[in-house]
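Engineer: So here's data-v7.txt, just compact mmCIF, C-alpha atoms and all ligand atoms:
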# COMPACT_ATOMS: atom_id res chain seq x y z
CA MET Q 1 -33.57 -21.27 82.19
CA LYS Q 2 -35.48 -19.97 85.22
CA ASN Q 3 -36.90 -22.79 87.32
CA VAL Q 4 -40.54 -21.74 87.05
CA LEU Q 5 -42.24 -25.07 86.39
CA MET Q 6 -43.04 -27.39 89.29
CA ASP Q 7 -40.95 -30.49 89.46
CA THR Q 8 -43.57 -33.00 88.33
CA TYR Q 9 -41.96 -34.45 85.19
CA LYS Q 10 -38.64 -35.97 84.31
CA ARG Q 11 -38.35 -34.53 80.82
CA LEU Q 12 -36.16 -35.68 77.95
CA PRO Q 13 -33.69 -33.10 76.59
CA VAL Q 14 -35.68 -32.23 73.47
CA THR Q 15 -38.27 -29.62 72.54
CA PHE Q 16 -40.48 -30.02 69.51
CA THR Q 17 -41.66 -27.10 67.47
CA LYS Q 18 -43.65 -28.72 64.69
CA GLY Q 19 -45.37 -31.95 63.77
CA GLU Q 20 -46.80 -33.51 60.67
CA GLY Q 21 -48.33 -36.98 60.49
CA VAL Q 22 -46.09 -39.47 62.30
CA TYR Q 23 -43.13 -37.04 62.37
CA LEU Q 24 -42.05 -34.43 64.92
CA TYR Q 25 -39.40 -31.75 64.36
CA ASP Q 26 -37.28 -30.22 67.16
CA ASP Q 27 -35.84 -26.72 67.60
CA GLN Q 28 -32.42 -27.95 66.33
CA GLY Q 29 -33.79 -29.09 62.98
CA ASN Q 30 -33.90 -32.83 63.77
CA THR Q 31 -36.69 -35.15 62.64
CA TYR Q 32 -38.24 -37.91 64.77
CA LEU Q 33 -40.55 -40.83 64.04
CA ASP Q 34 -43.18 -40.62 66.76
CA ALA Q 35 -44.06 -44.13 67.93
CA ILE Q 36 -45.78 -42.95 71.12
CA SER Q 37 -48.24 -40.31 69.78
CA GLY Q 38 -48.08 -38.09 72.85
CA ILE Q 39 -49.06 -41.17 74.89
CA ALA Q 40 -51.85 -42.49 72.66
CA VAL Q 41 -53.29 -39.02 72.08
CA CYS Q 42 -52.46 -38.11 68.48
CA GLY Q 43 -54.00 -41.20 66.90
CA LEU Q 44 -54.48 -39.29 63.65
CA GLY Q 45 -50.91 -38.03 63.73
CA HIS Q 46 -49.75 -34.46 64.27
CA ALA Q 47 -51.39 -31.42 62.70
CA HIS Q 48 -54.11 -33.51 61.06
CA PRO Q 49 -55.71 -31.24 58.44
CA GLY Q 50 -59.32 -32.19 59.26
CA VAL Q 51 -58.86 -31.63 62.99
CA THR Q 52 -56.89 -28.42 62.41
CA ARG Q 53 -59.63 -27.06 60.17
CA ALA Q 54 -62.36 -27.93 62.68
CA ILE Q 55 -60.47 -26.27 65.55
CA CYS Q 56 -59.73 -23.10 63.53
CA GLU Q 57 -63.29 -22.74 62.30
CA GLN Q 58 -64.76 -23.27 65.75
CA ALA Q 59 -62.23 -20.94 67.40
CA GLY Q 60 -63.36 -18.21 65.03
CA THR Q 61 -67.03 -18.85 65.77
CA LEU Q 62 -67.57 -19.71 69.44
CA VAL Q 63 -65.16 -21.14 72.00
CA HIS Q 64 -67.11 -21.26 75.24
CA THR Q 65 -70.52 -20.51 76.68
CA SER Q 66 -70.77 -22.87 79.73
CA ASN Q 67 -73.19 -25.67 80.50
CA LEU Q 68 -75.79 -23.15 81.63
CA TYR Q 69 -76.92 -23.30 77.99
CA GLY Q 70 -77.37 -25.75 75.17
CA VAL Q 71 -74.11 -26.70 73.43
CA HIS Q 72 -74.70 -27.86 69.87
CA ASN Q 73 -71.36 -29.61 69.32
CA GLN Q 74 -71.73 -31.47 72.61
CA GLN Q 75 -75.07 -32.90 71.46
CA LEU Q 76 -73.58 -33.86 68.06
CA LEU Q 77 -70.51 -35.51 69.60
CA GLY Q 78 -72.72 -37.33 72.10
CA GLU Q 79 -74.76 -38.72 69.20
CA ARG Q 80 -71.66 -39.83 67.28
CA LEU Q 81 -70.09 -41.49 70.33
CA THR Q 82 -73.24 -43.34 71.34
CA ASP Q 83 -73.79 -44.49 67.74
CA LEU Q 84 -70.26 -45.81 67.48
CA SER Q 85 -70.22 -47.52 70.88
CA GLY Q 86 -73.81 -48.58 71.52
CA MET Q 87 -73.73 -46.69 74.83
CA GLU Q 88 -76.70 -44.47 75.70
CA ARG Q 89 -75.66 -41.20 77.35
CA VAL Q 90 -72.48 -39.16 77.79
CA PHE Q 91 -70.96 -36.72 80.29
CA PHE Q 92 -68.11 -34.62 78.90
CA ALA Q 93 -65.03 -33.75 80.97
CA ASN Q 94 -61.57 -32.37 80.13
CA SER Q 95 -59.24 -35.27 80.86
CA GLY Q 96 -59.02 -38.97 81.57
CA ALA Q 97 -58.86 -38.58 85.33
CA GLU Q 98 -61.98 -36.43 85.25
CA ALA Q 99 -63.81 -38.96 83.09
CA ASN Q 100 -62.93 -41.62 85.68
CA GLU Q 101 -64.06 -39.33 88.52
CA ALA Q 102 -67.47 -39.24 86.84
CA ALA Q 103 -67.44 -43.05 86.58
CA ILE Q 104 -66.54 -43.41 90.27
CA LYS Q 105 -69.36 -41.03 91.21
CA LEU Q 106 -71.79 -43.05 89.08
CA ALA Q 107 -70.75 -46.25 90.90
CA ARG Q 108 -71.27 -44.63 94.29
CA LEU Q 109 -74.69 -43.28 93.27
CA HIS Q 110 -75.60 -46.75 92.01
CA GLY Q 111 -74.78 -48.05 95.51
CA HIS Q 112 -76.49 -45.30 97.46
CA LYS Q 113 -79.67 -45.73 95.42
CA GLN Q 114 -79.81 -49.32 96.72
CA GLY Q 115 -79.20 -48.24 100.31
CA ILE Q 116 -75.48 -49.12 100.32
CA ASP Q 117 -73.89 -46.34 102.38
CA ALA Q 118 -70.23 -47.40 101.97
CA PRO Q 119 -70.00 -48.68 98.40
CA VAL Q 120 -66.88 -50.52 97.24
CA ILE Q 121 -65.43 -50.49 93.71
CA ILE Q 122 -63.20 -53.39 92.69
CA VAL Q 123 -59.98 -52.21 91.01
CA MET Q 124 -56.92 -54.05 89.72
CA GLU Q 125 -53.28 -54.47 90.60
CA ASN Q 126 -50.99 -52.54 88.21
CA SER Q 127 -53.89 -50.41 86.98
CA PHE Q 128 -53.65 -46.72 86.12
CA HIS Q 129 -56.66 -44.43 86.33
CA GLY Q 130 -55.23 -40.94 86.85
CA ARG Q 131 -53.70 -38.49 89.34
CA THR Q 132 -56.66 -36.90 91.12
CA MET Q 133 -57.28 -38.09 94.69
CA ALA Q 134 -60.01 -40.59 93.78
CA THR Q 135 -58.30 -41.87 90.64
CA LEU Q 136 -54.88 -42.23 92.26
CA SER Q 137 -56.60 -44.18 95.04
CA ALA Q 138 -58.10 -46.45 92.37
CA THR Q 139 -54.69 -46.81 90.68
CA GLY Q 140 -52.76 -50.00 91.47
CA ASN Q 141 -49.30 -48.45 91.79
CA ARG Q 142 -47.81 -47.41 95.13
CA LYS Q 143 -45.53 -44.85 93.44
CA VAL Q 144 -48.59 -42.90 92.32
CA GLN Q 145 -50.08 -42.91 95.82
CA ALA Q 146 -47.05 -42.47 98.09
CA GLY Q 147 -47.07 -39.16 99.96
CA PHE Q 148 -50.71 -38.42 99.26
CA GLU Q 149 -52.35 -40.43 102.00
CA PRO Q 150 -55.02 -40.56 103.32
CA LEU Q 151 -56.35 -42.19 100.18
CA VAL Q 152 -59.97 -42.08 99.11
CA GLN Q 153 -61.82 -45.04 100.66
CA GLY Q 154 -64.05 -47.49 98.90
CA PHE Q 155 -61.69 -49.41 96.61
CA ALA Q 156 -60.79 -53.10 96.90
CA ARG Q 157 -57.94 -54.51 94.82
CA VAL Q 158 -57.57 -57.85 93.05
CA PRO Q 159 -54.97 -59.21 90.58
CA TYR Q 160 -55.54 -58.28 86.92
CA GLY Q 161 -56.73 -60.91 84.47
CA ASP Q 162 -57.88 -63.22 87.27
CA LEU Q 163 -61.60 -64.03 87.23
CA GLU Q 164 -61.31 -66.36 90.20
CA ALA Q 165 -59.96 -63.54 92.36
CA LEU Q 166 -62.99 -61.50 91.37
CA GLU Q 167 -65.33 -64.34 92.29
CA THR Q 168 -63.61 -64.70 95.66
CA ALA Q 169 -64.01 -60.97 96.26
CA ALA Q 170 -67.69 -61.31 95.37
CA SER Q 171 -68.22 -63.86 98.10
CA ASN Q 172 -65.95 -62.25 100.73
CA LEU Q 173 -66.71 -58.56 100.40
CA LYS Q 174 -69.93 -56.77 101.15
CA ASN Q 175 -71.05 -53.59 99.44
CA ILE Q 176 -69.40 -54.09 96.03
CA VAL Q 177 -71.14 -51.86 93.49
CA ALA Q 178 -68.81 -51.85 90.47
CA VAL Q 179 -65.67 -53.15 88.79
CA LEU Q 180 -63.34 -50.60 87.20
CA VAL Q 181 -60.86 -52.14 84.75
CA GLU Q 182 -58.74 -51.37 81.68
CA PRO Q 183 -59.38 -53.75 78.73
CA VAL Q 184 -55.58 -53.73 78.27
CA GLN Q 185 -53.37 -52.23 80.98
CA GLY Q 186 -51.31 -49.47 79.37
CA GLU Q 187 -49.13 -47.84 82.04
CA GLY Q 188 -49.01 -51.18 83.87
CA GLY Q 189 -46.92 -52.69 81.06
CA VAL Q 190 -49.25 -53.48 78.12
CA ASN Q 191 -50.87 -56.39 79.98
CA ILE Q 192 -53.43 -58.27 77.93
CA PRO Q 193 -55.93 -60.36 79.88
CA PRO Q 194 -57.18 -63.81 78.80
CA ALA Q 195 -59.94 -63.76 76.15
CA ASP Q 196 -62.65 -64.80 78.62
CA TYR Q 197 -61.77 -62.03 81.12
CA LEU Q 198 -64.04 -59.16 80.02
CA PRO Q 199 -66.95 -61.51 79.21
CA GLY Q 200 -66.45 -63.10 82.66
CA ILE Q 201 -66.52 -59.70 84.36
CA HIS Q 202 -69.62 -58.82 82.38
CA LYS Q 203 -71.36 -61.96 83.61
CA LEU Q 204 -70.42 -61.32 87.25
CA CYS Q 205 -71.58 -57.71 86.99
CA ASP Q 206 -74.93 -58.89 85.63
CA GLN Q 207 -75.27 -61.52 88.30
CA TYR Q 208 -74.46 -59.20 91.24
CA ASN Q 209 -75.94 -55.95 89.87
CA TRP Q 210 -72.50 -54.30 89.77
CA LEU Q 211 -71.57 -51.69 87.18
CA MET Q 212 -69.02 -52.93 84.66
CA MET Q 213 -66.84 -49.84 84.15
CA LEU Q 214 -64.21 -49.93 81.43
CA ASP Q 215 -61.39 -47.40 81.43
CA GLU Q 216 -60.86 -47.10 77.66
CA ILE Q 217 -58.90 -43.87 77.97
CA GLN Q 218 -55.86 -45.47 76.31
CA THR Q 219 -57.53 -48.36 74.41
CA GLY Q 220 -60.40 -46.37 72.86
CA MET Q 221 -60.80 -44.52 69.54
CA GLY Q 222 -59.48 -47.27 67.26
CA ARG Q 223 -56.21 -47.97 69.06
CA THR Q 224 -56.74 -51.74 69.45
CA GLY Q 225 -58.19 -52.48 66.00
CA LYS Q 226 -61.84 -51.81 66.98
CA PRO Q 227 -63.39 -48.42 67.76
CA PHE Q 228 -63.40 -49.49 71.43
CA ALA Q 229 -61.54 -52.47 72.89
CA PHE Q 230 -64.68 -54.02 74.44
CA GLN Q 231 -65.92 -54.53 70.86
CA HIS Q 232 -63.52 -57.45 70.51
CA HIS Q 233 -66.23 -59.21 72.56
CA GLU Q 234 -70.01 -59.54 72.45
CA LEU Q 235 -70.80 -57.27 75.35
CA LEU Q 236 -71.66 -53.73 76.35
CA PRO Q 237 -70.25 -52.23 79.58
CA ASP Q 238 -72.40 -50.12 81.89
CA VAL Q 239 -69.80 -47.34 81.93
CA MET Q 240 -66.91 -46.52 79.61
CA THR Q 241 -64.44 -43.66 79.98
CA LEU Q 242 -62.55 -42.00 77.12
CA ALA Q 243 -60.04 -39.18 76.78
CA LYS Q 244 -56.56 -39.31 75.19
CA ALA Q 245 -57.25 -39.81 71.45
CA LEU Q 246 -60.78 -38.38 71.57
CA GLY Q 247 -59.57 -34.86 70.72
CA ASN Q 248 -56.29 -35.78 68.96
CA GLY Q 249 -54.57 -33.36 71.38
CA MET Q 250 -57.42 -31.03 72.26
CA PRO Q 251 -58.15 -31.73 75.95
CA ILE Q 252 -61.42 -33.65 76.25
CA GLY Q 253 -62.68 -36.61 78.27
CA ALA Q 254 -65.96 -38.48 78.27
CA CYS Q 255 -67.83 -40.82 80.57
CA LEU Q 256 -70.42 -42.92 78.72
CA ALA Q 257 -73.19 -44.90 80.37
CA SER Q 258 -75.69 -47.54 79.31
CA GLY Q 259 -78.18 -49.93 80.94
CA LYS Q 260 -78.39 -49.54 84.70
CA ALA Q 261 -75.92 -46.61 84.73
CA THR Q 262 -77.76 -44.53 82.12
CA ASN Q 263 -79.98 -42.39 84.33
CA LEU Q 264 -78.08 -42.21 87.62
CA PHE Q 265 -77.08 -38.53 87.46
CA SER Q 266 -79.60 -35.75 87.83
CA PRO Q 267 -79.04 -31.97 87.72
CA GLY Q 268 -76.77 -30.84 90.54
CA ASN Q 269 -74.96 -34.21 90.90
CA HIS Q 270 -72.02 -33.42 88.67
CA GLY Q 271 -70.62 -30.80 86.35
CA SER Q 272 -67.64 -29.06 84.80
CA THR Q 273 -67.10 -25.49 83.67
CA PHE Q 274 -65.11 -26.38 80.56
CA GLY Q 275 -66.46 -29.90 80.01
CA GLY Q 276 -67.83 -30.41 76.51
CA ASN Q 277 -67.25 -26.87 75.33
CA PRO Q 278 -67.81 -26.08 71.64
CA LEU Q 279 -64.08 -26.03 70.79
CA ALA Q 280 -63.12 -29.34 72.43
CA CYS Q 281 -66.20 -31.02 70.95
CA ALA Q 282 -65.38 -29.67 67.47
CA ALA Q 283 -62.05 -31.49 67.70
CA GLY Q 284 -63.81 -34.64 68.93
CA LEU Q 285 -66.29 -34.47 66.04
CA ALA Q 286 -63.46 -34.15 63.51
CA VAL Q 287 -61.69 -37.15 65.06
CA ILE Q 288 -64.83 -39.33 64.93
CA GLU Q 289 -65.51 -38.21 61.36
CA GLU Q 290 -61.98 -39.17 60.35
CA ILE Q 291 -61.84 -42.56 62.07
CA THR Q 292 -65.30 -43.67 60.94
CA ARG Q 293 -65.09 -42.45 57.31
CA ASN Q 294 -62.64 -45.19 56.27
CA LYS Q 295 -62.92 -47.40 59.36
CA LEU Q 296 -59.46 -46.34 60.41
CA TRP Q 297 -59.42 -49.00 63.14
CA GLU Q 298 -59.22 -51.65 60.40
CA GLN Q 299 -56.21 -49.91 58.88
CA ALA Q 300 -54.73 -49.78 62.40
CA ALA Q 301 -55.31 -53.53 62.76
CA CYS Q 302 -53.40 -54.18 59.49
CA ALA Q 303 -50.56 -51.88 60.55
CA ALA Q 304 -50.52 -53.68 63.91
CA GLU Q 305 -50.19 -57.06 62.16
CA ALA Q 306 -47.20 -55.84 60.19
CA LEU Q 307 -45.60 -54.27 63.26
CA SER Q 308 -46.00 -57.38 65.42
CA ARG Q 309 -44.82 -59.67 62.63
CA GLY Q 310 -41.78 -57.49 61.86
CA LEU Q 311 -40.73 -57.22 65.50
CA ALA Q 312 -41.26 -60.96 66.06
CA GLN Q 313 -38.98 -61.70 63.08
CA LYS Q 314 -36.22 -59.41 64.29
CA LEU Q 315 -36.47 -59.99 68.03
CA GLY Q 316 -37.91 -63.50 68.36
CA GLY Q 317 -35.27 -65.71 69.98
CA VAL Q 318 -33.06 -62.75 70.93
CA GLU Q 319 -31.62 -63.37 74.41
CA GLY Q 320 -33.14 -60.84 76.80
CA VAL Q 321 -36.42 -60.39 74.91
CA ARG Q 322 -39.00 -62.23 76.99
CA GLU Q 323 -42.23 -61.54 75.16
CA ILE Q 324 -43.93 -59.25 72.64
CA ARG Q 325 -47.51 -58.41 73.63
CA ALA Q 326 -49.93 -56.48 71.44
CA LEU Q 327 -53.56 -55.71 70.91
CA GLY Q 328 -53.79 -53.59 67.78
CA LEU Q 329 -51.39 -50.67 67.89
CA MET Q 330 -50.80 -51.00 71.62
CA LEU Q 331 -47.59 -52.98 71.81
CA GLY Q 332 -45.20 -53.94 74.60
CA ILE Q 333 -41.82 -55.63 74.32
CA GLN Q 334 -41.05 -57.28 77.64
CA LEU Q 335 -37.31 -57.42 78.30
CA ASP Q 336 -35.60 -59.37 81.07
CA ARG Q 337 -34.09 -56.23 82.63
CA PRO Q 338 -34.85 -52.56 83.35
CA CYS Q 339 -34.54 -50.63 80.10
CA ALA Q 340 -35.38 -46.97 80.76
CA ASP Q 341 -32.07 -46.04 79.03
CA LEU Q 342 -33.52 -47.21 75.71
CA VAL Q 343 -35.72 -44.11 75.56
CA GLY Q 344 -32.70 -41.77 75.34
CA MET Q 345 -30.85 -44.07 72.96
CA ALA Q 346 -33.89 -44.09 70.65
CA LEU Q 347 -34.21 -40.32 70.90
CA ASP Q 348 -30.62 -39.92 69.69
CA LYS Q 349 -31.54 -42.02 66.66
CA GLY Q 350 -34.66 -39.96 65.91
CA LEU Q 351 -37.19 -42.41 67.33
CA LEU Q 352 -39.73 -41.67 70.08
CA ILE Q 353 -40.64 -44.65 72.26
CA ASN Q 354 -41.57 -45.14 75.88
CA VAL Q 355 -40.63 -47.57 78.64
CA THR Q 356 -43.20 -48.49 81.26
CA ALA Q 357 -43.28 -50.90 84.21
CA ASP Q 358 -39.42 -50.66 84.24
CA SER Q 359 -38.72 -53.32 81.62
CA VAL Q 360 -41.40 -52.96 78.93
CA VAL Q 361 -40.75 -51.00 75.72
CA ARG Q 362 -44.13 -49.53 74.83
CA LEU Q 363 -45.21 -48.46 71.35
CA LEU Q 364 -48.36 -46.46 70.61
CA PRO Q 365 -47.80 -45.21 67.04
CA PRO Q 366 -50.40 -43.07 65.25
CA LEU Q 367 -53.14 -45.17 63.60
CA ILE Q 368 -52.26 -43.58 60.26
CA ILE Q 369 -48.71 -45.02 60.20
CA SER Q 370 -47.81 -46.33 56.72
CA SER Q 371 -46.20 -49.69 55.89
CA GLU Q 372 -42.92 -47.95 55.00
CA GLN Q 373 -42.93 -46.18 58.35
CA ILE Q 374 -43.68 -49.47 60.11
CA GLN Q 375 -40.67 -51.00 58.35
CA GLN Q 376 -38.48 -48.09 59.45
CA LEU Q 377 -39.76 -48.44 63.03
CA VAL Q 378 -39.11 -52.20 63.08
CA GLU Q 379 -35.57 -51.82 61.68
CA ASP Q 380 -34.52 -48.95 63.94
CA LEU Q 381 -36.08 -50.28 67.12
CA SER Q 382 -34.88 -53.86 66.81
CA MET Q 383 -31.31 -52.66 66.14
CA LEU Q 384 -31.48 -50.45 69.23
CA ILE Q 385 -32.87 -53.18 71.46
CA ILE Q 386 -30.26 -55.68 70.29
CA ALA Q 387 -27.47 -53.13 70.83
CA PHE Q 388 -28.85 -52.29 74.28
CA LEU Q 389 -29.05 -55.93 75.34
CA GLU Q 390 -25.52 -56.60 74.11
CA SER Q 391 -24.02 -53.53 75.80
CA ALA Q 392 -25.68 -54.36 79.11
CA SER Q 393 -24.77 -58.05 79.29
C1 LIG Q 401 -53.81 -41.63 80.63
C2 LIG Q 401 -54.77 -42.47 81.37
C3 LIG Q 401 -55.59 -41.95 82.39
C4 LIG Q 401 -55.47 -40.52 82.87
O1 LIG Q 401 -55.76 -39.59 81.90
P1 LIG Q 401 -55.37 -38.02 82.14
O2 LIG Q 401 -55.95 -37.33 80.94
O3 LIG Q 401 -53.89 -37.96 82.22
O4 LIG Q 401 -56.02 -37.60 83.40
C5 LIG Q 401 -56.51 -42.79 82.98
N1 LIG Q 401 -56.61 -44.08 82.61
C6 LIG Q 401 -55.85 -44.62 81.65
C7 LIG Q 401 -56.05 -46.05 81.27
C8 LIG Q 401 -54.90 -43.84 81.01
O5 LIG Q 401 -54.11 -44.40 80.07
What's the structure tokens form of this structure?
Ligand SMILES: *Cc1c(COP(=O)(O)O)cnc(C)c1O
Structural biologist:
Amino acid sequence: MKNVLMDTYKRLPVTFTKGEGVYLYDDQGNTYLDAISGIAVCGLGHAHPGVTRAICEQAGTLVHTSNLYGVHNQQLLGERLTDLSGMERVFFANSGAEANEAAIKLARLHGHKQGIDAPVIIVMENSFHGRTMATLSATGNRKVQAGFEPLVQGFARVPYGDLEALETAASNLKNIVAVLVEPVQGEGGVNIPPADYLPGIHKLCDQYNWLMMLDEIQTGMGRTGKPFAFQHHELLPDVMTLAKALGNGMPIGACLASGKATNLFSPGNHGSTFGGNPLACAAGLAVIEEITRNKLWEQAACAAEALSRGLAQKLGGVEGVREIRALGLMLGIQLDRPCADLVGMALDKGLLINVTADSVVRLLPPLIISSEQIQQLVEDLSMLIIAFLESAS
């Protein structure tokens, strides 16, 4: 093959040609159980009929006009998203990084409007917020940043899950205007903070007039057993970003605002040529319709229960398995050693998984996964992990 694609990805030796539900099919006729959903994107599974229909109908009607004009689907999707979340207004982008760029710009505007010329946003160790210059600067992973210095200024970093560190920052640092945080860290290793963490951040943000900005790009759209992960608590953030599962594969991102962040932007402050176009929003509308119709997040929570229970039964007490962490269908199996090789071993057995933070097996199965498919996943994966641990020790 001619080497035409830039060297940005280390790809696995497989190419898929078709998908249906939780299954993918490759160009050699093999079938795979997809327990990663295109990295938390295809929450409704592959080739979902409702989403497919919406995309086809919209593609045959109107794909793009630009934000020079009214966009009906954008208004409708904005209404559905604000209804479901309790947020007030939405800006549509095309990706997660772009949604976070909008959030970062909101935080800076919030500062400038109070006369703070060099606003600082608190971000976390081991966080992931994207690959654009501002979002990689916000990201708490040196590998993402190395080679791209100078970084964007105006971020201060504290350990994740640590309210005291945040309080110390509050008293030591001037010019803080916002906190940007993932409700559960995905790329960072499926790290779940203590139960009082988000409520504690919310309180601090109230107290100091900071924006509480939640990156729900991976946790949103039903993934954790609620429509949005913050809904496990009694609070509303000032800003929430979405992308990944919002379009079930159609590129779309969103930055939602409420309270003191609601009216920060005015015409000319921000924009996007493609953002919120009729086609992307049609996919988003079909996704919202599908997840709200039967409260799919509740089904996801039940599936998650079965998955966690099954894996705990098979892997609990196995030497080398340190911990199983999960919130809904976001699950990490922490091993005591690097385990990137497991991905290829699983692939050979027809199972798609992911390893992140070197030693964490990460699962992000479609929300529609059935109990039989959960059983298959538990059996296959626990056998693989046990075989891997035995071969390596
Ligand atoms: C994937 C992800 C992003 C980046 O989204 P892109 O669409 O790849 O730009 C940002 N934040 C979190 C938490 C993510 O999981």
Engineer: Quick one: 6 Å padding each side, axis-aligned, all listed atoms of ligand LIG 401 (chain Q) - centre and edge lengths in Å to one decimal, as lines of an AutoDock Vina configuration file?
Structural biologist:
center_x = -55.2
center_y = -41.7
center_z = 81.7
size_x = 14.8
size_y = 20.7
size_z = 15.3
Engineer: All residues within 9 Å of ligand LIG 401 (chain Q) are required, counting all atoms listed in the file; please report them as JSON, numbers by chain.
Structural biologist: {"Q": [39, 40, 41, 94, 95, 96, 97, 98, 99, 100, 127, 128, 129, 130, 131, 132, 135, 139, 181, 182, 183, 184, 185, 186, 187, 215, 216, 217, 218, 219, 241, 242, 243, 244, 251, 252, 253]}
Engineer: Would you pick out the contacts of Cys302 (chain Q) at 12 Å or less, using all atoms listed in the file, so that residues sharing its chain but fewer than 4 positions from it are not included, and give the list as an NGL selection string?
Structural biologist: :Q and (223-226 or 295-298 or 306-309 or 327-329 or 367-371 or 374)
Engineer: Considering all atoms listed in the file, tabulate each residue of region 60-99 of chain Q that lies at most 7 Å from region 273-292 of chain Q along with its nearest interatomic pair and the corresponding distance in Å to one decimal; arrange the rows by chain and ascending residue number and present them as a Markdown table.
Structural biologist:
| residue | atom | partner | partner_atom | distance |
| --- | --- | --- | --- | --- |
| Q:Leu62 | CA | Q:Pro278 | CA | 6.7 |
| Q:Val63 | CA | Q:Leu279 | CA | 5.2 |
| Q:His64 | CA | Q:Asn277 | CA | 5.6 |
| Q:Ser66 | CA | Q:Thr273 | CA | 6.0 |
| Q:Asn67 | CA | Q:Thr273 | CA | 6.9 |
| Q:Val71 | CA | Q:Pro278 | CA | 6.6 |
| Q:Asn73 | CA | Q:Pro278 | CA | 5.5 |
| Q:Gln74 | CA | Q:Gly276 | CA | 5.6 |
| Q:Leu77 | CA | Q:Leu285 | CA | 5.6 |
| Q:Phe92 | CA | Q:Gly276 | CA | 4.8 |
| Q:Ala93 | CA | Q:Gly275 | CA | 4.2 |
| Q:Asn94 | CA | Q:Gly275 | CA | 5.5 |
Engineer: What does the structure give for the distance between CA of Phe148 (chain Q) and CA of Leu136 (chain Q), in Å to one decimal?
Structural biologist: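 Separating CA of Phe148 (chain Q) from CA of Leu136 (chain Q) is a distance of 9.0 Å.
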Engineer: Compile the contact shell of region 163-176 of chain Q as number ranges by chain: residues with an atom at most 12 Å away, counting only C-alpha atoms, same-chain residues fewer than 5 positions apart removed.
Structural biologist: Q: 107-108, 110-112, 114-125, 154-158, 181, 193-205, 207-212
Engineer: Just how far from CA of Val152 (chain Q) is CA of Lys105 (chain Q), in Å to one decimal?
Structural biologist: 12.3 Å
Engineer: I need the residue nearest Glu20 (chain Q) from this list: Q:Gly268, Q:Gly45, Q:Gly70, Q:Gly350. Use only C-alpha atoms for the distance.
Structural biologist: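 Smallest distance to Glu20 (chain Q) is found for Q:Gly45.
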Engineer: With only C-alpha atoms as the atoms that count, which of Q:Val90, Q:Arg11, Q:Leu347, Q:Gly140 lies nearest to Leu24 (chain Q)?
Structural biologist: Q:Leu347
Engineer: How many Å separate CA of Gln28 (chain Q) from CA of Arg362 (chain Q)?
Structural biologist: 26.0 Å
